[in-house]
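Source file: data-v1.cif (mmCIF, C-alpha atoms and all ligand atoms)
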data_query
#
loop_
_atom_site.group_PDB
_atom_site.id
_atom_site.type_symbol
_atom_site.label_atom_id
_atom_site.label_comp_id
_atom_site.auth_asym_id
_atom_site.auth_seq_id
_atom_site.Cartn_x
_atom_site.Cartn_y
_atom_site.Cartn_z
ATOM 1 C CA MET A 1 0.000 0.000 0.000
ATOM 2 C CA ARG A 2 1.511 3.352 -1.076
ATOM 3 C CA ARG A 3 1.958 5.853 1.748
ATOM 4 C CA ILE A 4 0.767 9.234 0.430
ATOM 5 C CA ASP A 5 0.998 12.579 2.280
ATOM 6 C CA LEU A 6 -0.362 15.574 0.353
ATOM 7 C CA HIS A 7 0.061 18.568 2.686
ATOM 8 C CA THR A 8 3.490 19.749 3.862
ATOM 9 C CA HIS A 9 5.293 23.062 4.404
ATOM 10 C CA SER A 10 8.920 24.084 3.931
ATOM 11 C CA ASN A 11 10.859 27.164 5.017
ATOM 12 C CA ILE A 12 9.704 28.842 1.794
ATOM 13 C CA SER A 13 6.679 29.594 3.993
ATOM 14 C CA ASP A 14 6.277 28.690 7.684
ATOM 15 C CA GLY A 15 7.812 25.201 7.822
ATOM 16 C CA THR A 16 11.248 24.787 9.376
ATOM 17 C CA LEU A 17 12.966 22.513 6.795
ATOM 18 C CA SER A 18 14.142 23.456 3.316
ATOM 19 C CA PRO A 19 12.115 21.952 0.436
ATOM 20 C CA ALA A 20 14.874 19.389 -0.222
ATOM 21 C CA ASP A 21 14.960 18.468 3.464
ATOM 22 C CA VAL A 22 11.170 17.985 3.516
ATOM 23 C CA ILE A 23 11.666 15.416 0.750
ATOM 24 C CA ALA A 24 14.538 13.752 2.639
ATOM 25 C CA ALA A 25 12.301 13.602 5.729
ATOM 26 C CA ALA A 26 9.521 12.107 3.610
ATOM 27 C CA VAL A 27 11.840 9.302 2.542
ATOM 28 C CA GLU A 28 12.826 8.835 6.182
ATOM 29 C CA ALA A 29 9.100 8.617 7.075
ATOM 30 C CA ASP A 30 8.711 5.876 4.477
ATOM 31 C CA LEU A 31 6.395 7.882 2.206
ATOM 32 C CA ASP A 32 5.920 6.851 -1.426
ATOM 33 C CA VAL A 33 4.276 10.108 -2.516
ATOM 34 C CA VAL A 34 4.613 13.595 -1.041
ATOM 35 C CA ALA A 35 3.155 16.975 -2.010
ATOM 36 C CA LEU A 36 4.698 20.295 -0.987
ATOM 37 C CA THR A 37 1.962 22.860 -0.280
ATOM 38 C CA ASP A 38 3.534 26.051 1.033
ATOM 39 C CA HIS A 39 1.316 28.998 1.938
ATOM 40 C CA ASP A 40 0.646 31.363 -0.977
ATOM 41 C CA THR A 41 3.789 30.541 -2.945
ATOM 42 C CA LEU A 42 5.039 28.016 -5.478
ATOM 43 C CA ASP A 43 8.689 28.972 -5.024
ATOM 44 C CA GLY A 44 9.709 25.773 -3.208
ATOM 45 C CA LEU A 45 8.465 23.374 -5.881
ATOM 46 C CA PRO A 46 11.496 23.206 -8.214
ATOM 47 C CA GLU A 47 13.891 22.344 -5.356
ATOM 48 C CA ALA A 48 11.480 19.783 -3.904
ATOM 49 C CA ARG A 49 10.835 18.195 -7.294
ATOM 50 C CA LYS A 50 14.553 17.878 -7.942
ATOM 51 C CA ALA A 51 15.151 16.322 -4.513
ATOM 52 C CA ALA A 52 12.245 13.912 -5.051
ATOM 53 C CA ARG A 53 13.830 12.746 -8.306
ATOM 54 C CA HIS A 54 17.126 12.291 -6.478
ATOM 55 C CA TYR A 55 15.581 10.229 -3.672
ATOM 56 C CA GLY A 56 13.195 8.302 -5.929
ATOM 57 C CA VAL A 57 10.022 9.415 -4.174
ATOM 58 C CA GLU A 58 6.956 10.513 -6.166
ATOM 59 C CA PHE A 59 6.244 14.245 -5.957
ATOM 60 C CA LEU A 60 3.140 16.352 -6.481
ATOM 61 C CA GLY A 61 3.360 20.136 -6.661
ATOM 62 C CA GLY A 62 0.817 22.182 -4.753
ATOM 63 C CA LEU A 63 0.151 25.171 -2.544
ATOM 64 C CA GLU A 64 -2.170 26.286 0.253
ATOM 65 C CA VAL A 65 -3.957 29.495 -0.648
ATOM 66 C CA SER A 66 -5.114 31.831 2.133
ATOM 67 C CA THR A 67 -8.766 32.718 1.498
ATOM 68 C CA GLU A 68 -11.664 33.947 3.597
ATOM 69 C CA HIS A 69 -15.390 33.594 4.009
ATOM 70 C CA GLU A 70 -17.374 36.077 6.093
ATOM 71 C CA GLY A 71 -14.145 37.370 7.603
ATOM 72 C CA VAL A 72 -13.034 33.904 8.725
ATOM 73 C CA SER A 73 -9.742 32.603 7.370
ATOM 74 C CA VAL A 74 -10.072 29.438 5.259
ATOM 75 C CA HIS A 75 -7.193 27.507 3.676
ATOM 76 C CA LEU A 76 -7.547 26.090 0.196
ATOM 77 C CA LEU A 77 -5.129 23.497 -1.163
ATOM 78 C CA GLY A 78 -4.428 23.568 -4.880
ATOM 79 C CA TYR A 79 -2.730 20.605 -6.554
ATOM 80 C CA GLY A 80 -1.024 20.588 -9.926
ATOM 81 C CA VAL A 81 -1.363 24.294 -10.756
ATOM 82 C CA ARG A 82 0.786 25.693 -13.565
ATOM 83 C CA PRO A 83 3.375 27.970 -11.905
ATOM 84 C CA ASP A 84 3.363 30.300 -14.919
ATOM 85 C CA ASP A 85 -0.351 31.083 -14.694
ATOM 86 C CA ALA A 86 -0.453 34.885 -14.646
ATOM 87 C CA ASP A 87 -3.779 35.349 -12.808
ATOM 88 C CA LEU A 88 -2.785 32.997 -9.989
ATOM 89 C CA ALA A 89 0.717 34.491 -9.726
ATOM 90 C CA ARG A 90 -0.691 38.030 -9.528
ATOM 91 C CA GLU A 91 -3.136 37.128 -6.765
ATOM 92 C CA LEU A 92 -0.502 35.224 -4.777
ATOM 93 C CA ALA A 93 1.841 38.224 -4.969
ATOM 94 C CA LYS A 94 -0.954 40.390 -3.553
ATOM 95 C CA VAL A 95 -1.564 37.945 -0.695
ATOM 96 C CA ARG A 96 2.163 37.789 0.124
ATOM 97 C CA GLU A 97 2.333 41.589 0.136
ATOM 98 C CA GLY A 98 -0.444 41.591 2.724
ATOM 99 C CA ARG A 99 1.489 39.014 4.754
ATOM 100 C CA SER A 100 4.628 41.163 4.908
ATOM 101 C CA GLY A 101 2.697 44.410 5.205
ATOM 102 C CA ARG A 102 1.074 43.562 8.521
ATOM 103 C CA ILE A 103 4.292 42.553 10.291
ATOM 104 C CA PRO A 104 5.198 46.079 11.521
ATOM 105 C CA ALA A 105 1.694 46.485 12.988
ATOM 106 C CA MET A 106 1.949 43.152 14.830
ATOM 107 C CA ALA A 107 5.411 44.054 16.124
ATOM 108 C CA ALA A 108 4.051 47.405 17.338
ATOM 109 C CA LEU A 109 1.177 45.707 19.185
ATOM 110 C CA LEU A 110 3.524 43.241 20.867
ATOM 111 C CA SER A 111 5.806 46.111 21.852
ATOM 112 C CA LYS A 112 2.812 47.910 23.349
ATOM 113 C CA PHE A 113 2.085 44.801 25.418
ATOM 114 C CA GLY A 114 5.592 44.841 26.877
ATOM 115 C CA MET A 115 7.320 42.606 24.331
ATOM 116 C CA PRO A 116 9.581 44.924 22.337
ATOM 117 C CA LEU A 117 9.986 43.569 18.812
ATOM 118 C CA ASP A 118 10.485 45.053 15.378
ATOM 119 C CA ALA A 119 9.757 43.887 11.879
ATOM 120 C CA GLN A 120 13.449 43.131 11.314
ATOM 121 C CA ASP A 121 13.385 40.503 14.092
ATOM 122 C CA VAL A 122 10.531 38.771 12.311
ATOM 123 C CA LEU A 123 12.121 38.985 8.865
ATOM 124 C CA LYS A 124 15.299 37.519 10.325
ATOM 125 C CA GLN A 125 13.304 34.521 11.585
ATOM 126 C CA ALA A 126 11.666 34.177 8.167
ATOM 127 C CA GLY A 127 15.168 33.865 6.680
ATOM 128 C CA GLY A 128 14.187 35.296 3.319
ATOM 129 C CA ALA A 129 11.039 33.186 2.914
ATOM 130 C CA PRO A 130 8.796 34.817 0.306
ATOM 131 C CA SER A 131 5.725 34.001 2.408
ATOM 132 C CA VAL A 132 6.056 35.563 5.884
ATOM 133 C CA GLY A 133 3.552 34.477 8.509
ATOM 134 C CA ARG A 134 2.552 34.668 12.139
ATOM 135 C CA PRO A 135 4.702 31.593 12.888
ATOM 136 C CA HIS A 136 7.731 33.777 12.107
ATOM 137 C CA VAL A 137 6.412 36.407 14.525
ATOM 138 C CA ALA A 138 6.071 33.575 17.038
ATOM 139 C CA ASP A 139 9.667 32.481 16.376
ATOM 140 C CA ALA A 140 10.858 36.040 17.016
ATOM 141 C CA MET A 141 8.946 36.036 20.325
ATOM 142 C CA VAL A 142 10.553 32.704 21.269
ATOM 143 C CA ALA A 143 13.994 34.064 20.363
ATOM 144 C CA ARG A 144 13.411 36.998 22.715
ATOM 145 C CA GLY A 145 12.231 34.668 25.483
ATOM 146 C CA TYR A 146 8.657 36.031 25.588
ATOM 147 C CA VAL A 147 7.014 32.641 25.005
ATOM 148 C CA ALA A 148 8.136 29.015 25.044
ATOM 149 C CA ASP A 149 6.991 27.988 21.570
ATOM 150 C CA ARG A 150 4.797 28.802 18.556
ATOM 151 C CA ARG A 151 1.756 27.305 20.223
ATOM 152 C CA GLU A 152 1.989 29.558 23.266
ATOM 153 C CA ALA A 153 2.531 32.571 21.016
ATOM 154 C CA PHE A 154 -0.656 31.749 19.074
ATOM 155 C CA ASP A 155 -2.755 30.816 22.105
ATOM 156 C CA CYS A 156 -1.925 34.014 24.014
ATOM 157 C CA TRP A 157 -1.162 36.644 21.370
ATOM 158 C CA LEU A 158 -1.351 35.852 17.667
ATOM 159 C CA ASP A 159 -4.492 33.839 17.018
ATOM 160 C CA GLU A 160 -7.555 35.504 15.492
ATOM 161 C CA GLY A 161 -9.177 37.502 18.298
ATOM 162 C CA LYS A 162 -6.006 37.655 20.432
ATOM 163 C CA PRO A 163 -4.352 40.986 21.358
ATOM 164 C CA ALA A 164 -1.583 41.062 18.725
ATOM 165 C CA TYR A 165 -3.641 39.724 15.815
ATOM 166 C CA VAL A 166 -3.716 41.868 12.688
ATOM 167 C CA GLY A 167 -5.758 40.858 9.638
ATOM 168 C CA ARG A 168 -4.454 40.824 6.070
ATOM 169 C CA TYR A 169 -5.723 40.695 2.508
ATOM 170 C CA THR A 170 -7.085 37.365 1.251
ATOM 171 C CA PRO A 171 -9.359 36.539 -1.689
ATOM 172 C CA SER A 172 -12.731 34.822 -1.228
ATOM 173 C CA ILE A 173 -12.813 31.020 -1.308
ATOM 174 C CA GLU A 174 -14.771 31.207 -4.558
ATOM 175 C CA ARG A 175 -12.034 33.305 -6.164
ATOM 176 C CA GLY A 176 -9.397 30.888 -4.846
ATOM 177 C CA ILE A 177 -11.225 27.956 -6.421
ATOM 178 C CA GLU A 178 -11.511 29.800 -9.728
ATOM 179 C CA LEU A 179 -7.800 30.693 -9.760
ATOM 180 C CA ILE A 180 -6.643 27.151 -8.933
ATOM 181 C CA ARG A 181 -8.849 25.594 -11.609
ATOM 182 C CA GLY A 182 -7.864 28.294 -14.081
ATOM 183 C CA ALA A 183 -4.234 27.263 -13.554
ATOM 184 C CA GLY A 184 -5.016 23.614 -14.299
ATOM 185 C CA GLY A 185 -5.147 22.584 -10.651
ATOM 186 C CA VAL A 186 -7.542 20.754 -8.353
ATOM 187 C CA PRO A 187 -8.938 22.691 -5.332
ATOM 188 C CA VAL A 188 -9.306 20.820 -2.041
ATOM 189 C CA LEU A 189 -10.395 22.535 1.193
ATOM 190 C CA ALA A 190 -7.679 22.182 3.868
ATOM 191 C CA HIS A 191 -8.790 21.120 7.368
ATOM 192 C CA PRO A 192 -12.310 22.489 6.697
ATOM 193 C CA TRP A 193 -13.618 21.937 10.205
ATOM 194 C CA GLY A 194 -10.437 22.543 12.175
ATOM 195 C CA ARG A 195 -9.690 25.435 14.543
ATOM 196 C CA HIS A 196 -11.772 28.437 13.363
ATOM 197 C CA SER A 197 -13.377 27.548 10.084
ATOM 198 C CA ARG A 198 -16.158 25.184 11.161
ATOM 199 C CA ASP A 199 -18.771 27.886 11.760
ATOM 200 C CA ALA A 200 -17.963 29.614 8.481
ATOM 201 C CA LEU A 201 -18.274 26.373 6.498
ATOM 202 C CA SER A 202 -21.819 25.048 6.961
ATOM 203 C CA ILE A 203 -22.956 22.044 4.949
ATOM 204 C CA ASN A 204 -25.153 24.365 2.868
ATOM 205 C CA TYR A 205 -22.248 26.610 2.065
ATOM 206 C CA LEU A 206 -19.972 23.649 1.257
ATOM 207 C CA GLU A 207 -22.596 22.554 -1.295
ATOM 208 C CA GLN A 208 -22.433 26.016 -2.861
ATOM 209 C CA LEU A 209 -18.662 25.741 -3.065
ATOM 210 C CA ILE A 210 -18.989 22.437 -4.905
ATOM 211 C CA TYR A 211 -21.153 24.221 -7.499
ATOM 212 C CA CYS A 212 -18.337 26.793 -7.729
ATOM 213 C CA GLY A 213 -15.853 24.046 -8.580
ATOM 214 C CA LEU A 214 -14.534 22.781 -5.253
ATOM 215 C CA GLU A 215 -13.456 19.169 -5.764
ATOM 216 C CA GLY A 216 -12.235 17.850 -2.467
ATOM 217 C CA LEU A 217 -12.028 17.968 1.306
ATOM 218 C CA GLU A 218 -9.080 17.209 3.545
ATOM 219 C CA VAL A 219 -10.892 14.853 5.918
ATOM 220 C CA ASP A 220 -8.069 13.218 7.863
ATOM 221 C CA HIS A 221 -6.164 16.029 9.593
ATOM 222 C CA THR A 222 -4.839 16.458 13.135
ATOM 223 C CA ASP A 223 -7.311 19.306 13.724
ATOM 224 C CA HIS A 224 -10.323 16.992 13.140
ATOM 225 C CA ASP A 225 -11.470 14.575 15.841
ATOM 226 C CA GLU A 226 -12.984 11.203 14.911
ATOM 227 C CA ALA A 227 -16.588 12.460 14.975
ATOM 228 C CA THR A 228 -15.700 15.399 12.711
ATOM 229 C CA ARG A 229 -13.926 13.102 10.265
ATOM 230 C CA ALA A 230 -16.929 10.767 10.147
ATOM 231 C CA GLU A 231 -19.311 13.671 9.441
ATOM 232 C CA LEU A 232 -17.081 15.111 6.718
ATOM 233 C CA ARG A 233 -16.580 11.662 5.197
ATOM 234 C CA ALA A 234 -20.338 11.043 5.011
ATOM 235 C CA PHE A 235 -20.883 14.420 3.330
ATOM 236 C CA GLY A 236 -17.944 13.930 0.966
ATOM 237 C CA ALA A 237 -19.171 10.487 -0.042
ATOM 238 C CA ALA A 238 -22.684 11.796 -0.705
ATOM 239 C CA MET A 239 -21.246 14.608 -2.880
ATOM 240 C CA ASN A 240 -18.715 12.336 -4.562
ATOM 241 C CA LEU A 241 -15.774 14.493 -3.445
ATOM 242 C CA ILE A 242 -12.080 13.698 -3.397
ATOM 243 C CA MET A 243 -11.258 13.060 0.277
ATOM 244 C CA THR A 244 -7.657 13.346 1.359
ATOM 245 C CA GLY A 245 -5.689 12.740 4.525
ATOM 246 C CA SER A 246 -2.411 14.522 5.236
ATOM 247 C CA SER A 247 -0.009 15.585 7.954
ATOM 248 C CA ASP A 248 0.204 19.391 7.411
ATOM 249 C CA PHE A 249 3.866 18.916 8.322
ATOM 250 C CA HIS A 250 5.707 22.112 9.410
ATOM 251 C CA GLY A 251 8.934 20.487 10.671
ATOM 252 C CA ALA A 252 9.666 21.527 14.245
ATOM 253 C CA GLY A 253 7.022 24.278 13.943
ATOM 254 C CA LYS A 254 4.157 21.838 14.591
ATOM 255 C CA PRO A 255 5.369 18.875 16.638
ATOM 256 C CA ASP A 256 1.909 17.253 16.596
ATOM 257 C CA ASN A 257 1.959 16.900 12.802
ATOM 258 C CA PRO A 258 4.731 14.419 11.851
ATOM 259 C CA LEU A 259 4.971 13.358 8.206
ATOM 260 C CA GLY A 260 2.636 10.480 7.433
ATOM 261 C CA CYS A 261 0.460 10.937 10.553
ATOM 262 C CA ASN A 262 -2.516 11.030 8.152
ATOM 263 C CA LEU A 263 -2.487 9.514 4.678
ATOM 264 C CA THR A 264 -4.440 9.685 1.416
ATOM 265 C CA ALA A 265 -5.774 6.486 -0.161
ATOM 266 C CA PRO A 266 -3.944 5.470 -3.370
ATOM 267 C CA GLU A 267 -7.133 5.392 -5.474
ATOM 268 C CA VAL A 268 -7.974 8.931 -4.341
ATOM 269 C CA TYR A 269 -4.488 10.106 -5.271
ATOM 270 C CA ASP A 270 -4.773 8.448 -8.690
ATOM 271 C CA GLU A 271 -8.079 10.244 -9.282
ATOM 272 C CA LEU A 272 -6.483 13.568 -8.281
ATOM 273 C CA VAL A 273 -3.556 13.076 -10.653
ATOM 274 C CA GLY A 274 -5.928 11.999 -13.435
ATOM 275 C CA ARG A 275 -7.868 15.256 -13.108
ATOM 276 C CA ILE A 276 -4.682 17.362 -13.113
ATOM 277 C CA GLU A 277 -3.492 15.650 -16.282
ATOM 278 C CA ALA A 278 -6.885 15.946 -17.949
ATOM 279 C CA ARG A 279 -6.969 19.733 -17.499
ATOM 280 C CA GLY A 280 -3.367 20.504 -18.395
ATOM 281 C CA GLY A 281 -1.954 21.024 -14.923
ATOM 282 C CA VAL A 282 1.539 20.002 -13.915
ATOM 283 C CA ARG A 283 2.685 17.478 -11.359
HETATM 284 P P1 LIG A 301 -0.601 33.119 8.895
HETATM 285 O O1 LIG A 301 -0.140 32.293 7.726
HETATM 286 O O2 LIG A 301 0.270 34.271 9.170
HETATM 287 O O3 LIG A 301 -2.053 33.496 8.785
HETATM 288 O O4 LIG A 301 -0.482 32.160 10.187
HETATM 289 C C1 LIG A 301 -1.210 30.948 10.180
HETATM 290 C C2 LIG A 301 -0.270 29.755 10.279
HETATM 291 O O5 LIG A 301 0.159 29.634 11.608
HETATM 292 C C3 LIG A 301 -0.922 28.435 9.950
HETATM 293 O O6 LIG A 301 -0.608 28.071 8.643
HETATM 294 C C4 LIG A 301 -0.312 27.445 10.881
HETATM 295 O O7 LIG A 301 0.729 26.768 10.232
HETATM 296 C C5 LIG A 301 0.315 28.268 11.955
HETATM 297 N N1 LIG A 301 -0.329 28.048 13.270
HETATM 298 C C6 LIG A 301 -1.584 28.359 13.626
HETATM 299 N N2 LIG A 301 -1.813 28.031 14.910
HETATM 300 C C7 LIG A 301 -0.663 27.495 15.372
HETATM 301 C C8 LIG A 301 -0.241 26.947 16.631
HETATM 302 N N3 LIG A 301 -1.074 26.904 17.670
HETATM 303 N N4 LIG A 301 1.030 26.469 16.737
HETATM 304 C C9 LIG A 301 1.869 26.525 15.668
HETATM 305 N N5 LIG A 301 1.530 27.030 14.475
HETATM 306 C C10 LIG A 301 0.285 27.505 14.320
HETATM 307 FE FE FE A 302 1.337 27.009 8.243
HETATM 308 FE FE FE A 303 -3.686 25.368 6.794
HETATM 309 ZN ZN ZN A 304 -0.934 23.783 5.934
#
Can you give me the file's structure in the form of structure tokens?
Ligand code: AMP
Ligand code: FE
Ligand code: FE
Ligand code: ZN
Amino acid sequence: MRRIDLHTHSNISDGTLSPADVIAAAVEADLDVVALTDHDTLDGLPEARKAARHYGVEFLGGLEVSTEHEGVSVHLLGYGVRPDDADLARELAKVREGRSGRIPAMAALLSKFGMPLDAQDVLKQAGGAPSVGRPHVADAMVARGYVADRREAFDCWLDEGKPAYVGRYTPSIERGIELIRGAGGVPVLAHPWGRHSRDALSINYLEQLIYCGLEGLEVDHTDHDEATRAELRAFGAAMNLIMTGSSDFHGAGKPDNPLGCNLTAPEVYDELVGRIEARGGVR
């Protein structure tokens, strides 16, 4: 049985390993297929693809697009998109600008709350990553000794609704779906009922998204308990959706999400790849 993990992050966004090291870790974790899905950027794919060829592991290119519905942040995985698609590239650049643009405001809020920090500290933690995120703010807080780890930083300060949270630009889910499909890719909702997004994603609304072109749900994810997975699986089966399972690996940034902790069934993966090929996407 092929071991398939379709959701991982490198240090091109908020993971802690380089793209090549994610692939090396995937081999170590005995995976047969791995997808790299950094937040709002495709920049890590060439290095990962090259490493995958070197190690003899099958690779699928992807990304995780930041979107929103009714002001709630929702993550949308896109598999097999063409990196040269101009509409997608333009929108991703806009999202990344919003990511970097809010860092000074977050640093100012933390400073106001007695944790002096500036944007440079955060950019140093990001190490040149094109996609800068709150996890890098968290790393800067850890480096200064304000919190023990990323989790504490999020729980006390950075999460939506917490004192140092600052919003940023994201497209609607519908627009995200359109852009991914327009670039030859397959859109799959990431951890739809994890953390914050459950209330924003009612069954009725999920049905609407399917009419907009949504093709899959990430059912097996650390953020979903067994009951949630069963509910999503029943809905996905009724709607004939692609249902994936993945780790959402972030290296040391998310110790509860080791590579391979959730897997995608081989026949589901084959269906996904078939759709990408049929619409001119790239693996
Ligand atoms: P951002 O991309 O700036 O919106 O920050 C969201 C990212 O932070 C997500 O992609 C997660 O990887 C990460 N994250 C959210 N909550 C936590 C947490 N409790 N511990 C570690 N990382 C987290
Ligand atoms: Fe992340
Ligand atoms: Fe996510
Ligand atoms: Zn992710």
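For ligand ZN 304 (chain A), the neighbouring protein, DNA and RNA residues, which are those within 10 Å when all atoms listed in the file are counted, are Leu6, His7, Thr8, His9, Ser13, Asp14, Gly15, Leu36, Thr37, Asp38, His39, Leu63, Glu64, Val65, Ser66, His75, Leu76, Leu77, Ala190, His191, Ser246, Ser247, Asp248, Phe249 and His250 of chain A.
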Q: Kindly provide, as JSON, numbers by chain, all nucleotide and amino acid residues lying within 10 Å of ligand LIG 301 (chain A), counting all atoms listed in the file.
A: {"A": [8, 9, 13, 14, 15, 38, 39, 40, 64, 65, 66, 67, 73, 74, 75, 96, 98, 99, 100, 102, 103, 131, 132, 133, 134, 135, 136, 137, 138, 139, 149, 150, 151, 152, 153, 154, 155, 156, 158, 159, 160, 165, 166, 167, 168, 170, 195, 248, 249, 250, 252, 253, 254, 255, 256]}
Axis-aligned box over every listed atom of segment 260-275 of chain A, padded by 5 Å per side: centre and edges in Å to one decimal, as JSON?
{"center_x": -2.7, "center_y": 10.3, "center_z": -1.4, "size_x": 20.7, "size_y": 19.9, "size_z": 34.0}
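What separates atom CA of Arg3 of chain A from atom CA of Leu272 of chain A is a distance of 15.2 Å.
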Q. What does the PyMOL selection byres (((chain A and resi 202) around 12) and not hetatm) select in this file, as an MDAnalysis selection string?
A. chainID A and resid 69:70 192:193 197:201 203:209 231:232 235
Q: Using all atoms listed in the file, pick whichever of A:Val188, A:Val95, A:Ala183, A:Cys261 has the shortest atom-to-atom distance to ligand FE 303 (chain A).
A: A:Val188
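Residue nearest Ile210 of chain A within the list A:Thr228, A:Asn240, A:Thr222, A:Asn11: A:Asn240 [criterion: smallest interatomic distance, all atoms listed in the file].
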Do you know which residues the PyMOL selection byres (((chain A and resi 108) around 12) and not hetatm) returns on this file, as an mmCIF file with C-alpha atoms, keeping the file's coordinate frame?
data_model
loop_
_atom_site.group_PDB
_atom_site.id
_atom_site.type_symbol
_atom_site.label_atom_id
_atom_site.label_comp_id
_atom_site.auth_asym_id
_atom_site.auth_seq_id
_atom_site.Cartn_x
_atom_site.Cartn_y
_atom_site.Cartn_z
ATOM 1 C CA ARG A 102 1.074 43.562 8.521
ATOM 2 C CA ILE A 103 4.292 42.553 10.291
ATOM 3 C CA PRO A 104 5.198 46.079 11.521
ATOM 4 C CA ALA A 105 1.694 46.485 12.988
ATOM 5 C CA MET A 106 1.949 43.152 14.830
ATOM 6 C CA ALA A 107 5.411 44.054 16.124
ATOM 7 C CA LEU A 109 1.177 45.707 19.185
ATOM 8 C CA LEU A 110 3.524 43.241 20.867
ATOM 9 C CA SER A 111 5.806 46.111 21.852
ATOM 10 C CA LYS A 112 2.812 47.910 23.349
ATOM 11 C CA PHE A 113 2.085 44.801 25.418
ATOM 12 C CA GLY A 114 5.592 44.841 26.877
ATOM 13 C CA MET A 115 7.320 42.606 24.331
ATOM 14 C CA PRO A 116 9.581 44.924 22.337
ATOM 15 C CA LEU A 117 9.986 43.569 18.812
ATOM 16 C CA ASP A 118 10.485 45.053 15.378
ATOM 17 C CA ALA A 119 9.757 43.887 11.879
ATOM 18 C CA GLN A 120 13.449 43.131 11.314
ATOM 19 C CA VAL A 122 10.531 38.771 12.311
ATOM 20 C CA VAL A 137 6.412 36.407 14.525
ATOM 21 C CA PRO A 163 -4.352 40.986 21.358
ATOM 22 C CA ALA A 164 -1.583 41.062 18.725
ATOM 23 C CA TYR A 165 -3.641 39.724 15.815
ATOM 24 C CA VAL A 166 -3.716 41.868 12.688
#
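Comparing the minimum interatomic distances between ligand FE 303 (chain A) and each of A:Gly185, A:Gly78, A:Gly260, A:Gly127, counting all atoms listed in the file, we find that A:Gly78 sits nearest.
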Q) atom CA of Leu42 of chain A and atom CA of Glu174 of chain A, how far apart in Å? A) 20.1 Å
